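Undergrad: run.txt is reproduced below (compact mmCIF, C-alpha atoms and all ligand atoms).
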# COMPACT_ATOMS: atom_id res chain seq x y z
CA MET A 1 -9.83 -30.16 -25.08
CA ASN A 2 -9.44 -29.52 -21.36
CA THR A 3 -5.77 -29.69 -20.37
CA GLN A 4 -5.15 -30.99 -16.84
CA ILE A 5 -2.39 -29.17 -14.98
CA LEU A 6 -0.65 -31.46 -12.53
CA LYS A 7 1.61 -29.58 -10.13
CA VAL A 8 4.31 -31.79 -8.65
CA ASP A 9 7.35 -31.56 -6.41
CA PRO A 10 10.19 -31.64 -9.00
CA LYS A 11 12.58 -33.59 -6.75
CA HIS A 12 10.06 -36.03 -5.25
CA PRO A 13 7.08 -36.11 -7.62
CA GLU A 14 3.84 -37.35 -6.05
CA ILE A 15 3.15 -40.81 -7.42
CA GLU A 16 -0.66 -40.29 -7.68
CA LYS A 17 -0.11 -37.43 -10.09
CA ILE A 18 2.53 -39.26 -12.10
CA ARG A 19 0.05 -42.16 -12.43
CA ILE A 20 -2.62 -39.87 -13.88
CA ALA A 21 -0.12 -38.72 -16.54
CA ALA A 22 1.18 -42.26 -17.11
CA ASP A 23 -2.36 -43.52 -17.78
CA ILE A 24 -2.86 -40.79 -20.37
CA LEU A 25 0.33 -41.90 -22.18
CA LYS A 26 -0.68 -45.58 -22.06
CA ASN A 27 -3.98 -44.64 -23.69
CA GLY A 28 -2.32 -42.79 -26.57
CA GLY A 29 -2.67 -39.26 -25.12
CA LEU A 30 -0.14 -36.44 -24.81
CA VAL A 31 1.52 -35.10 -21.65
CA ALA A 32 4.03 -32.26 -21.33
CA PHE A 33 6.62 -32.82 -18.63
CA PRO A 34 9.81 -31.20 -17.30
CA THR A 35 13.27 -32.52 -18.10
CA GLU A 36 16.59 -31.08 -16.94
CA THR A 37 17.00 -29.28 -20.32
CA VAL A 38 13.56 -27.98 -21.40
CA TYR A 39 9.95 -29.19 -21.10
CA GLY A 40 9.05 -32.03 -23.48
CA LEU A 41 5.73 -32.89 -25.14
CA GLY A 42 5.43 -36.63 -24.66
CA GLY A 43 3.55 -39.47 -26.28
CA ASN A 44 4.13 -43.23 -26.46
CA ALA A 45 7.10 -43.60 -28.85
CA GLU A 46 5.85 -46.95 -30.18
CA ASP A 47 2.42 -45.55 -31.07
CA SER A 48 2.42 -43.88 -34.50
CA GLY A 49 -0.90 -42.19 -33.68
CA ALA A 50 0.61 -40.50 -30.63
CA SER A 51 3.52 -39.23 -32.73
CA LYS A 52 1.12 -37.81 -35.31
CA ALA A 53 -0.78 -36.06 -32.53
CA ILE A 54 2.48 -34.51 -31.25
CA TYR A 55 3.20 -33.01 -34.67
CA ALA A 56 -0.34 -31.67 -34.86
CA ALA A 57 -0.28 -30.08 -31.37
CA LYS A 58 3.05 -28.36 -32.03
CA GLY A 59 2.26 -27.41 -35.62
CA ARG A 60 5.53 -29.11 -36.47
CA PRO A 61 6.49 -30.44 -39.92
CA SER A 62 6.22 -34.24 -39.75
CA ASP A 63 9.66 -34.74 -41.35
CA ASN A 64 11.29 -33.36 -38.19
CA PRO A 65 12.00 -36.42 -36.00
CA LEU A 66 11.25 -36.75 -32.28
CA ILE A 67 13.60 -37.80 -29.48
CA VAL A 68 12.79 -41.10 -27.72
CA HIS A 69 13.20 -40.76 -23.94
CA ILE A 70 14.19 -43.89 -22.03
CA CYS A 71 14.90 -44.79 -18.40
CA ASP A 72 17.34 -47.66 -18.85
CA TYR A 73 20.30 -48.32 -21.17
CA SER A 74 18.77 -51.67 -22.23
CA GLN A 75 15.99 -49.73 -23.97
CA LEU A 76 18.60 -48.19 -26.30
CA GLU A 77 19.71 -51.72 -27.22
CA HIS A 78 16.08 -52.76 -27.66
CA ILE A 79 15.27 -50.10 -30.30
CA SER A 80 18.58 -49.84 -32.21
CA LYS A 81 20.84 -51.95 -34.39
CA ASN A 82 24.61 -51.96 -35.00
CA LEU A 83 25.28 -49.93 -31.84
CA PRO A 84 28.88 -48.67 -31.99
CA PRO A 85 31.12 -48.95 -28.89
CA GLU A 86 30.86 -45.16 -28.37
CA ALA A 87 27.21 -45.59 -27.36
CA LYS A 88 28.14 -47.42 -24.18
CA LYS A 89 31.08 -45.15 -23.40
CA LEU A 90 29.09 -41.94 -23.82
CA SER A 91 26.04 -43.18 -22.00
CA ASP A 92 28.17 -44.44 -19.09
CA ALA A 93 29.68 -40.97 -18.86
CA PHE A 94 26.66 -38.70 -19.47
CA TRP A 95 23.41 -40.63 -18.88
CA PRO A 96 21.10 -39.94 -17.23
CA GLY A 97 21.66 -36.42 -18.54
CA PRO A 98 21.41 -33.78 -21.27
CA MET A 99 22.81 -35.81 -24.19
CA THR A 100 20.91 -37.35 -27.12
CA LEU A 101 22.45 -40.10 -29.25
CA ILE A 102 21.52 -40.74 -32.89
CA VAL A 103 21.76 -44.45 -33.75
CA ASN A 104 20.44 -46.81 -36.42
CA LYS A 105 16.92 -47.96 -35.61
CA ASN A 106 15.29 -51.37 -35.85
CA GLU A 107 11.53 -51.91 -36.34
CA VAL A 108 10.43 -51.21 -32.73
CA ILE A 109 10.08 -47.44 -33.18
CA PRO A 110 7.76 -46.51 -36.09
CA HIS A 111 8.82 -44.16 -38.87
CA GLU A 112 6.15 -41.66 -37.73
CA THR A 113 8.30 -41.06 -34.63
CA THR A 114 11.55 -40.67 -36.56
CA GLY A 115 10.21 -38.39 -39.29
CA GLY A 116 10.69 -41.18 -41.84
CA LEU A 117 14.39 -41.68 -41.01
CA ASP A 118 16.08 -45.06 -40.41
CA THR A 119 17.93 -43.56 -37.47
CA VAL A 120 16.51 -42.67 -34.06
CA ALA A 121 17.39 -40.03 -31.47
CA VAL A 122 17.52 -41.41 -27.92
CA ARG A 123 17.94 -39.70 -24.56
CA PHE A 124 17.92 -40.90 -20.94
CA PRO A 125 16.98 -37.76 -18.99
CA SER A 126 18.02 -37.19 -15.37
CA HIS A 127 14.98 -35.18 -14.21
CA PRO A 128 13.10 -37.14 -11.48
CA VAL A 129 9.71 -36.27 -13.05
CA ALA A 130 10.77 -37.48 -16.51
CA ASN A 131 12.18 -40.67 -15.00
CA ALA A 132 9.11 -41.38 -12.91
CA LEU A 133 6.83 -40.83 -15.91
CA ILE A 134 8.78 -43.16 -18.22
CA ARG A 135 8.93 -45.86 -15.53
CA GLU A 136 5.33 -45.59 -14.38
CA SER A 137 3.88 -45.53 -17.92
CA GLY A 138 6.02 -48.42 -19.11
CA CYS A 139 6.38 -46.44 -22.35
CA MET A 140 9.43 -45.05 -24.04
CA ILE A 141 8.34 -41.44 -24.50
CA ALA A 142 8.71 -39.64 -27.83
CA ALA A 143 9.08 -35.96 -26.97
CA PRO A 144 10.11 -32.85 -28.81
CA SER A 145 10.35 -29.61 -26.87
CA ALA A 146 6.86 -28.61 -25.66
CA ASN A 147 6.60 -25.33 -27.59
CA THR A 148 4.63 -24.34 -30.64
CA SER A 149 6.91 -25.00 -33.61
CA GLY A 150 9.22 -22.00 -34.19
CA ARG A 151 8.77 -20.51 -30.69
CA PRO A 152 11.53 -20.55 -28.05
CA SER A 153 11.68 -23.87 -26.17
CA PRO A 154 9.79 -23.87 -22.85
CA THR A 155 11.81 -23.65 -19.67
CA LYS A 156 8.82 -23.11 -17.32
CA ALA A 157 5.36 -24.68 -17.14
CA GLU A 158 3.87 -21.24 -17.92
CA HIS A 159 5.60 -21.32 -21.33
CA VAL A 160 3.98 -24.68 -22.09
CA ILE A 161 0.59 -23.48 -20.89
CA HIS A 162 0.92 -20.42 -23.14
CA ASP A 163 1.66 -22.52 -26.23
CA LEU A 164 -0.29 -25.75 -25.71
CA ASN A 165 -3.16 -25.24 -23.26
CA GLY A 166 -6.30 -26.80 -24.74
CA LYS A 167 -4.30 -28.82 -27.29
CA ILE A 168 -2.95 -31.67 -25.13
CA ASP A 169 -4.27 -33.86 -22.31
CA ALA A 170 -2.04 -32.77 -19.45
CA ILE A 171 0.89 -30.64 -18.37
CA ILE A 172 3.04 -31.68 -15.42
CA ASP A 173 4.22 -28.48 -13.74
CA GLY A 174 7.54 -29.21 -12.07
CA GLY A 175 8.68 -25.59 -11.91
CA PRO A 176 11.56 -24.11 -13.91
CA VAL A 177 14.01 -26.53 -15.55
CA GLN A 178 17.69 -26.58 -14.61
CA ILE A 179 19.74 -26.11 -17.79
CA GLY A 180 17.38 -24.20 -20.07
CA LEU A 181 18.90 -25.24 -23.43
CA GLU A 182 18.06 -28.46 -25.26
CA SER A 183 20.32 -31.52 -25.07
CA THR A 184 23.55 -31.96 -27.00
CA ILE A 185 22.83 -34.21 -30.00
CA VAL A 186 25.63 -36.62 -30.95
CA ASP A 187 25.33 -38.59 -34.18
CA LEU A 188 26.86 -42.06 -33.83
CA THR A 189 25.95 -43.22 -37.34
CA GLU A 190 28.99 -41.53 -38.95
CA GLU A 191 32.63 -42.67 -38.89
CA VAL A 192 33.45 -40.09 -36.19
CA PRO A 193 30.90 -39.02 -33.51
CA THR A 194 29.46 -35.71 -34.68
CA ILE A 195 27.68 -32.96 -32.74
CA LEU A 196 24.48 -32.02 -34.56
CA ARG A 197 23.28 -29.59 -31.88
CA PRO A 198 25.51 -28.05 -29.16
CA GLY A 199 24.35 -28.17 -25.54
CA TYR A 200 25.48 -28.41 -21.93
CA ILE A 201 27.68 -31.44 -22.72
CA ASN A 202 30.31 -29.75 -24.88
CA LYS A 203 32.87 -31.01 -27.41
CA GLN A 204 35.70 -31.20 -24.85
CA MET A 205 33.59 -33.27 -22.49
CA LEU A 206 32.67 -35.70 -25.28
CA GLU A 207 36.28 -35.91 -26.49
CA SER A 208 37.50 -36.78 -23.03
CA VAL A 209 35.43 -39.96 -23.34
CA VAL A 210 35.63 -41.02 -27.02
CA GLY A 211 38.55 -39.12 -28.54
CA GLU A 212 37.92 -37.26 -31.79
CA VAL A 213 34.51 -35.60 -32.12
CA LYS A 214 33.39 -33.51 -35.10
CA VAL A 215 30.87 -30.70 -35.32
CA ASP A 216 28.28 -30.73 -38.10
CA PRO A 217 29.50 -27.99 -40.49
CA GLY A 218 25.88 -26.99 -40.99
CA ILE A 219 25.66 -25.54 -37.46
CA LEU A 220 28.97 -23.72 -37.30
CA GLY A 221 27.49 -20.27 -37.49
CA THR A 222 27.52 -17.15 -39.57
CA GLU A 223 30.09 -18.23 -42.17
CA ASN A 224 28.29 -21.51 -42.79
CA VAL A 225 24.65 -20.47 -42.99
CA HIS A 226 24.35 -22.04 -46.43
CA VAL A 227 25.50 -25.51 -45.36
CA ARG A 228 22.49 -27.74 -44.61
CA PRO A 229 22.49 -29.04 -41.01
CA LYS A 230 22.03 -32.82 -40.64
CA ALA A 231 19.43 -32.59 -37.84
CA PRO A 232 16.22 -31.59 -39.65
CA GLY A 233 15.16 -29.39 -36.73
CA MET A 234 18.32 -27.30 -37.01
CA ARG A 235 17.32 -26.25 -40.55
CA TYR A 236 14.21 -24.33 -39.62
CA LYS A 237 14.06 -20.76 -38.43
CA HIS A 238 13.56 -21.32 -34.75
CA TYR A 239 13.41 -19.79 -31.30
CA ALA A 240 12.50 -16.55 -32.97
CA PRO A 241 10.88 -13.74 -31.02
CA LYS A 242 8.28 -11.74 -32.97
CA GLY A 243 10.50 -8.62 -33.10
CA ASP A 244 13.50 -8.26 -35.40
CA LEU A 245 16.47 -9.41 -33.31
CA LYS A 246 20.05 -8.36 -34.07
CA ILE A 247 23.19 -9.30 -32.14
CA VAL A 248 25.84 -6.63 -31.62
CA SER A 249 29.33 -8.09 -31.39
CA GLY A 250 32.69 -6.57 -30.38
CA GLU A 251 34.42 -5.00 -27.39
CA ASP A 252 32.08 -4.25 -24.48
CA ASP A 253 32.32 -0.45 -24.64
CA LYS A 254 31.72 -0.37 -28.37
CA VAL A 255 28.81 -2.78 -28.14
CA ILE A 256 27.11 -0.66 -25.50
CA ALA A 257 27.68 2.53 -27.52
CA LYS A 258 26.32 0.91 -30.70
CA ILE A 259 23.23 -0.50 -28.98
CA ASN A 260 22.57 2.91 -27.43
CA GLU A 261 22.81 4.51 -30.88
CA LEU A 262 20.51 1.92 -32.50
CA ALA A 263 18.03 2.04 -29.63
CA ARG A 264 17.83 5.83 -29.87
CA GLU A 265 17.23 5.62 -33.63
CA GLY A 266 14.55 2.99 -33.07
CA ALA A 267 12.83 5.03 -30.37
CA GLU A 268 12.94 8.13 -32.60
CA ALA A 269 11.31 6.12 -35.38
CA GLY A 270 8.50 5.30 -32.96
CA LYS A 271 9.49 1.62 -32.58
CA LYS A 272 9.18 -0.43 -29.41
CA VAL A 273 12.83 -1.33 -28.68
CA GLY A 274 14.00 -4.25 -26.52
CA ILE A 275 17.58 -4.72 -25.29
CA ILE A 276 19.06 -7.98 -24.02
CA ALA A 277 21.77 -7.03 -21.51
CA THR A 278 23.42 -8.44 -18.40
CA GLU A 279 23.35 -7.49 -14.72
CA GLU A 280 26.65 -5.66 -15.27
CA THR A 281 25.50 -3.65 -18.30
CA LYS A 282 21.75 -3.16 -17.84
CA GLY A 283 22.16 0.28 -16.24
CA LEU A 284 24.17 1.61 -19.19
CA TYR A 285 21.33 1.84 -21.71
CA HIS A 286 19.22 4.97 -22.14
CA ASN A 287 16.39 3.93 -24.48
CA GLY A 288 14.13 0.93 -24.88
CA THR A 289 13.12 -1.80 -22.44
CA VAL A 290 16.20 -3.52 -21.03
CA ILE A 291 15.90 -7.14 -19.91
CA SER A 292 18.82 -8.69 -18.06
CA ILE A 293 19.73 -12.25 -19.02
CA GLY A 294 21.77 -12.67 -15.84
CA ASP A 295 25.24 -12.21 -14.48
CA ARG A 296 28.02 -12.04 -17.10
CA THR A 297 30.26 -14.20 -14.90
CA ASP A 298 27.67 -16.99 -14.64
CA GLU A 299 27.31 -18.57 -18.06
CA TYR A 300 24.90 -21.25 -16.81
CA GLN A 301 22.55 -18.54 -15.59
CA ILE A 302 22.65 -16.94 -19.06
CA ALA A 303 21.83 -20.30 -20.67
CA HIS A 304 19.05 -20.86 -18.15
CA ASN A 305 17.40 -17.49 -18.88
CA LEU A 306 17.83 -17.20 -22.66
CA PHE A 307 14.50 -18.65 -23.85
CA ASP A 308 12.55 -16.91 -21.11
CA VAL A 309 14.09 -13.56 -22.11
CA LEU A 310 13.19 -14.16 -25.78
CA ARG A 311 9.59 -14.89 -24.75
CA ARG A 312 9.49 -11.80 -22.56
CA MET A 313 10.48 -9.70 -25.56
CA ASP A 314 7.23 -10.86 -27.18
CA GLU A 315 5.25 -10.04 -24.04
CA ILE A 316 6.48 -6.44 -24.03
CA GLY A 317 5.73 -6.21 -27.76
CA ALA A 318 9.31 -5.45 -28.82
CA GLU A 319 9.50 -4.68 -32.54
CA VAL A 320 13.27 -4.36 -32.73
CA ILE A 321 15.60 -6.14 -30.32
CA TYR A 322 19.33 -5.66 -29.80
CA SER A 323 21.33 -8.23 -27.88
CA GLU A 324 24.82 -8.33 -26.50
CA GLU A 325 26.87 -11.41 -27.40
CA PHE A 326 27.49 -14.26 -24.92
CA SER A 327 30.42 -16.33 -26.21
CA THR A 328 31.22 -17.85 -22.84
CA PRO A 329 33.83 -20.63 -22.37
CA LYS A 330 31.81 -23.80 -21.69
CA ILE A 331 28.18 -23.50 -22.75
CA GLY A 332 28.76 -20.41 -24.92
CA ASN A 333 28.62 -22.36 -28.21
CA ALA A 334 25.19 -23.64 -27.29
CA ILE A 335 23.98 -20.21 -26.17
CA MET A 336 25.23 -18.49 -29.33
CA ASN A 337 23.84 -21.27 -31.57
CA ARG A 338 20.33 -20.55 -30.21
CA LEU A 339 20.77 -16.78 -30.17
CA LEU A 340 22.11 -16.68 -33.74
CA LYS A 341 19.15 -18.74 -34.93
CA ALA A 342 16.75 -16.47 -33.09
CA ALA A 343 18.42 -13.53 -34.85
CA ALA A 344 18.37 -15.31 -38.24
CA HIS A 345 22.16 -14.76 -38.13
CA GLN A 346 21.91 -10.95 -38.17
CA VAL A 347 25.09 -9.77 -36.45
CA ILE A 348 26.36 -6.20 -36.32
CA GLU A 349 30.14 -6.13 -35.82
CA VAL A 350 31.54 -3.05 -34.11
O1 LIG B 1 16.71 -31.53 -24.49
C1 LIG B 1 16.07 -32.00 -25.41
O2 LIG B 1 16.61 -32.66 -26.31
C2 LIG B 1 14.55 -31.77 -25.43
C3 LIG B 1 13.95 -32.51 -24.24
C4 LIG B 1 12.45 -32.49 -24.23
O3 LIG B 1 14.44 -33.82 -24.21
N1 LIG B 1 13.97 -32.22 -26.65
C5 LIG B 1 14.14 -31.55 -27.83
O4 LIG B 1 13.45 -32.09 -28.89
O5 LIG B 1 14.82 -30.56 -27.95
P1 LIG B 1 13.21 -31.35 -30.28
O6 LIG B 1 12.29 -32.23 -31.01
O7 LIG B 1 12.79 -29.99 -30.04
O8 LIG B 1 14.59 -31.41 -30.98
C6 LIG B 1 15.06 -32.64 -31.48
C7 LIG B 1 16.12 -32.39 -32.51
C8 LIG B 1 15.56 -31.81 -33.79
O9 LIG B 1 16.48 -30.85 -34.29
C9 LIG B 1 15.53 -33.04 -34.70
O10 LIG B 1 15.62 -32.69 -36.05
C10 LIG B 1 16.74 -33.80 -34.21
O11 LIG B 1 16.69 -33.65 -32.83
N2 LIG B 1 16.66 -35.24 -34.50
C11 LIG B 1 15.78 -36.13 -33.98
N3 LIG B 1 15.97 -37.35 -34.51
C12 LIG B 1 16.99 -37.24 -35.39
C13 LIG B 1 17.63 -38.14 -36.27
N4 LIG B 1 17.28 -39.41 -36.34
N5 LIG B 1 18.66 -37.66 -37.02
C14 LIG B 1 19.05 -36.37 -36.94
N6 LIG B 1 18.46 -35.46 -36.14
C15 LIG B 1 17.43 -35.89 -35.38
MG MG B 2 12.44 -28.04 -30.27
Could I get this file's structure written as structure tokens?
TA:
Amino acid sequence: MNTQILKVDPKHPEIEKIRIAADILKNGGLVAFPTETVYGLGGNAEDSGASKAIYAAKGRPSDNPLIVHICDYSQLEHISKNLPPEAKKLSDAFWPGPMTLIVNKNEVIPHETTGGLDTVAVRFPSHPVANALIRESGCMIAAPSANTSGRPSPTKAEHVIHDLNGKIDAIIDGGPVQIGLESTIVDLTEEVPTILRPGYINKQMLESVVGEVKVDPGILGTENVHVRPKAPGMRYKHYAPKGDLKIVSGEDDKVIAKINELAREGAEAGKKVGIIATEETKGLYHNGTVISIGDRTDEYQIAHNLFDVLRRMDEIGAEVIYSEEFSTPKIGNAIMNRLLKAAAHQVIEV
């Protein structure tokens, strides 16, 4: 299949190009498009054939449900039942934006889109391209992240082209995304709103709107690796670079010393070593290829660069990768959730 690349102005997307993509969606085809979090691989959410094609293009297990992207709150009401009051409160506060709500579904969205579940994930993105595409197509758009299943989520059009060129009808290139980590998923089908996947909208921000919020024990990290996460997608090994990634955790000086020791051992064993460091620390390593994830004082920059850095480790052919830890105050939970998954929870404490 020939994949059309449609380059658009991300802030003011050209309507002729959006119409080309919208027509593809109306006809059951697939279009990758930028959102403020990561690129999505979209199809008409009401068309079970389009959902099946999304799973096929990504190589994704069909029990892993898709997120339905909307451009108006009334569409949430249209596809759900028994909406709790928190839905309105949270969407007033954070939509359009990087938050996905899990609610009970009615019959509008087919089970092919929801991986067989009776609940549906819904998000109203803020990115002008995503909005224009949903509006112009007249479709609610089912979209997972536009990566091959198991690869880091795409934060640039080049990542999507790498994974999906030739497999889908079109890719809208709107440049790099803003946030770089997928949306916060909040389950509203439990007694207390529960975070199933951490993201830019953190627990404190949610609690300031709805009071108590829980975190799915299945995603809490190293101590809980044996608890099954509720979001099917959080159960799979994910975001993994091809090399063996380990996180080194502890005081800065000790971390740097340990990574230097491990990198030297790796180099001596003839391995291609990659190191994930920051602007402040990148000059302190003596072996391996060092890639900076950004400035230590700018946690949003670290979030923005994480998936790109993991992909670059593949490009340089890193066989073993050592990363510093990035437990920053606001988006740090989301960063470490992705990094720990990429490392299959291998952490070296120093
Ligand atoms: O930021 C994002 O959310 C991006 C952009 C494109 O919107 N999308 C995204 O989709 O990350 P995806 O498919 O890569 O991740 C969706 C996650 C998966 O972990 C899936 O299992 C979970 O949402 N999910 C979807 N529907 C669900 C449901 N009904 N119940 C529980 N988890 C659900
Ligand atoms: Mg994904």
Undergrad: List all protein, DNA and RNA residues that have an atom no more than 7 Å from any atom of ligand MG 2 (chain B), counting all atoms listed in the file, and report them as a PDB file with C-alpha atoms, in the coordinates of the input.
TA:
ATOM      1  CA  PRO A 144      10.110 -32.850 -28.810  1.00  0.00           C
ATOM      2  CA  SER A 145      10.350 -29.610 -26.870  1.00  0.00           C
ATOM      3  CA  ASN A 147       6.600 -25.330 -27.590  1.00  0.00           C
ATOM      4  CA  SER A 153      11.680 -23.870 -26.170  1.00  0.00           C
TER       5      SER A 153
END
Undergrad: Distance table requested - chain A against ligand LIG 1 (chain B), cut-off 6 Å, all atoms listed in the file: one row per qualifying residue with the closest atom pair and its distance in Å to one decimal, ordered by chain and rising residue number, as JSON lines.
TA:
{"residue": "A:Thr37", "atom": "CA", "partner": "B:LIG1", "partner_atom": "O1", "distance": 4.7}
{"residue": "A:Val38", "atom": "CA", "partner": "B:LIG1", "partner_atom": "C3", "distance": 5.4}
{"residue": "A:Tyr39", "atom": "CA", "partner": "B:LIG1", "partner_atom": "C4", "distance": 5.2}
{"residue": "A:Gly40", "atom": "CA", "partner": "B:LIG1", "partner_atom": "C4", "distance": 3.5}
{"residue": "A:Asn64", "atom": "CA", "partner": "B:LIG1", "partner_atom": "O10", "distance": 4.9}
{"residue": "A:Pro65", "atom": "CA", "partner": "B:LIG1", "partner_atom": "C11", "distance": 4.3}
{"residue": "A:Leu66", "atom": "CA", "partner": "B:LIG1", "partner_atom": "O6", "distance": 4.8}
{"residue": "A:Ile67", "atom": "CA", "partner": "B:LIG1", "partner_atom": "C11", "distance": 5.3}
{"residue": "A:Ile102", "atom": "CA", "partner": "B:LIG1", "partner_atom": "N4", "distance": 5.6}
{"residue": "A:Thr114", "atom": "CA", "partner": "B:LIG1", "partner_atom": "N4", "distance": 5.9}
{"residue": "A:Leu117", "atom": "CA", "partner": "B:LIG1", "partner_atom": "N4", "distance": 5.9}
{"residue": "A:Thr119", "atom": "CA", "partner": "B:LIG1", "partner_atom": "N4", "distance": 4.3}
{"residue": "A:Val120", "atom": "CA", "partner": "B:LIG1", "partner_atom": "N4", "distance": 4.1}
{"residue": "A:Ala121", "atom": "CA", "partner": "B:LIG1", "partner_atom": "N3", "distance": 4.3}
{"residue": "A:Ala143", "atom": "CA", "partner": "B:LIG1", "partner_atom": "C4", "distance": 5.6}
{"residue": "A:Pro144", "atom": "CA", "partner": "B:LIG1", "partner_atom": "O6", "distance": 3.2}
{"residue": "A:Ser145", "atom": "CA", "partner": "B:LIG1", "partner_atom": "O7", "distance": 4.0}
{"residue": "A:Glu182", "atom": "CA", "partner": "B:LIG1", "partner_atom": "O1", "distance": 3.4}
{"residue": "A:Ser183", "atom": "CA", "partner": "B:LIG1", "partner_atom": "O1", "distance": 3.7}
{"residue": "A:Lys230", "atom": "CA", "partner": "B:LIG1", "partner_atom": "C14", "distance": 5.9}
{"residue": "A:Ala231", "atom": "CA", "partner": "B:LIG1", "partner_atom": "N6", "distance": 3.5}
{"residue": "A:Pro232", "atom": "CA", "partner": "B:LIG1", "partner_atom": "O10", "distance": 3.8}
{"residue": "A:Gly233", "atom": "CA", "partner": "B:LIG1", "partner_atom": "O9", "distance": 3.1}
{"residue": "A:Met234", "atom": "CA", "partner": "B:LIG1", "partner_atom": "O9", "distance": 4.8}
Undergrad: Between A:Ala257, A:Leu340, A:Ile70, A:Val186, which has the minimum distance to A:Tyr239 (counting only C-alpha atoms)?
TA: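 Answer, going by the shortest atom-to-atom distance: A:Leu340.
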Undergrad: For A:Ile20, which residue among A:Leu206, A:Ala132, A:Glu46, A:Ala146 is the nearest when counting all atoms listed in the file?
TA: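 Checking each of A:Leu206, A:Ala132, A:Glu46, A:Ala146 against A:Ile20, counting all atoms listed in the file, the winner is A:Ala132.
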Undergrad: Rank A:Ala130, A:Asp92, A:Pro84, A:Ile54 by their smallest atom-to-atom distance to A:Ala21, using only C-alpha atoms, and report the top residue only.
TA: A:Ala130
Undergrad: Rank A:His78, A:Arg296, A:Arg135, A:Lys58 by their smallest atom-to-atom distance to A:Asn165, using all atoms listed in the file, and report the top residue only.
TA: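 The closest residue to A:Asn165 is A:Lys58.
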Undergrad: I need the residue nearest A:Thr148 from this list: A:Ala170, A:Ala57, A:Ile79, A:Ala93. Use only C-alpha atoms for the distance.
TA: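 That would be A:Ala57, the residue with the smallest distance to A:Thr148.
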Undergrad: Fewer than 6 positions away in the same chain doesn't count, so skip those; otherwise give me all residues within 8 Å of stretch 306-322 of chain A, counting all atoms listed in the file, as a VMD selection string.
TA: chain A and resid 152 to 155 180 to 181 239 to 248 259 263 266 271 to 276 291 to 293 335
Undergrad: Considering all atoms listed in the file, state which residue in the set A:Ser74, A:Thr278, A:Pro329, A:Glu86 is at the smallest distance from A:Glu212.
TA: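 Closest to A:Glu212, using all atoms listed in the file: A:Glu86.
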Undergrad: Quick one: distance from atom CA of A:Lys156 to atom CA of A:His127 in Å, one decimal?
TA: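 These atoms are spaced 13.9 Å apart.
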Undergrad: Would you mind listing what lies within 9 Å of A:Arg123 as a list of chain:residue names, with only C-alpha atoms counted and same-chain residues fewer than 5 positions away left out?
TA: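 These residues fall inside the cut-off: A:Ile67, A:Val68, A:His69, A:Ile70, A:Cys71, A:Leu76, A:Trp95, A:Pro96, A:Gly97, A:Pro98, A:Met99, A:Thr100, A:Leu101, A:Ser183.
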Undergrad: Mind giving me the straight-line distance from atom CA of A:Ala342 to atom CA of A:His238 in Å, one decimal?
TA: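 We find that atom CA of A:Ala342 and atom CA of A:His238 lie 6.0 Å from each other.
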Undergrad: Residues at most 6 Å from stretch 27-36 of chain A, counting all atoms listed in the file, excluding those fewer than 3 positions away in the same chain, as a PyMOL selection string?
TA: chain A and resi 24+39-43+50+127+130+168-172+177-179
Undergrad: Separation of atom CA of A:Asn82 and atom CA of A:Lys105, in Å?
TA: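 Spanning atom CA of A:Asn82 to atom CA of A:Lys105 is a straight-line distance of 8.7 Å.
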Undergrad: For stretch 249-263 of chain A, what centre and edge lengths in Å (one decimal) does the axis-aligned box get once 4 Å is added on each side of all its listed atoms, as AutoDock Vina command-line options?
TA:
--center_x 26.2 --center_y -1.8 --center_z -28.5 --size_x 24.4 --size_y 20.6 --size_z 16.0
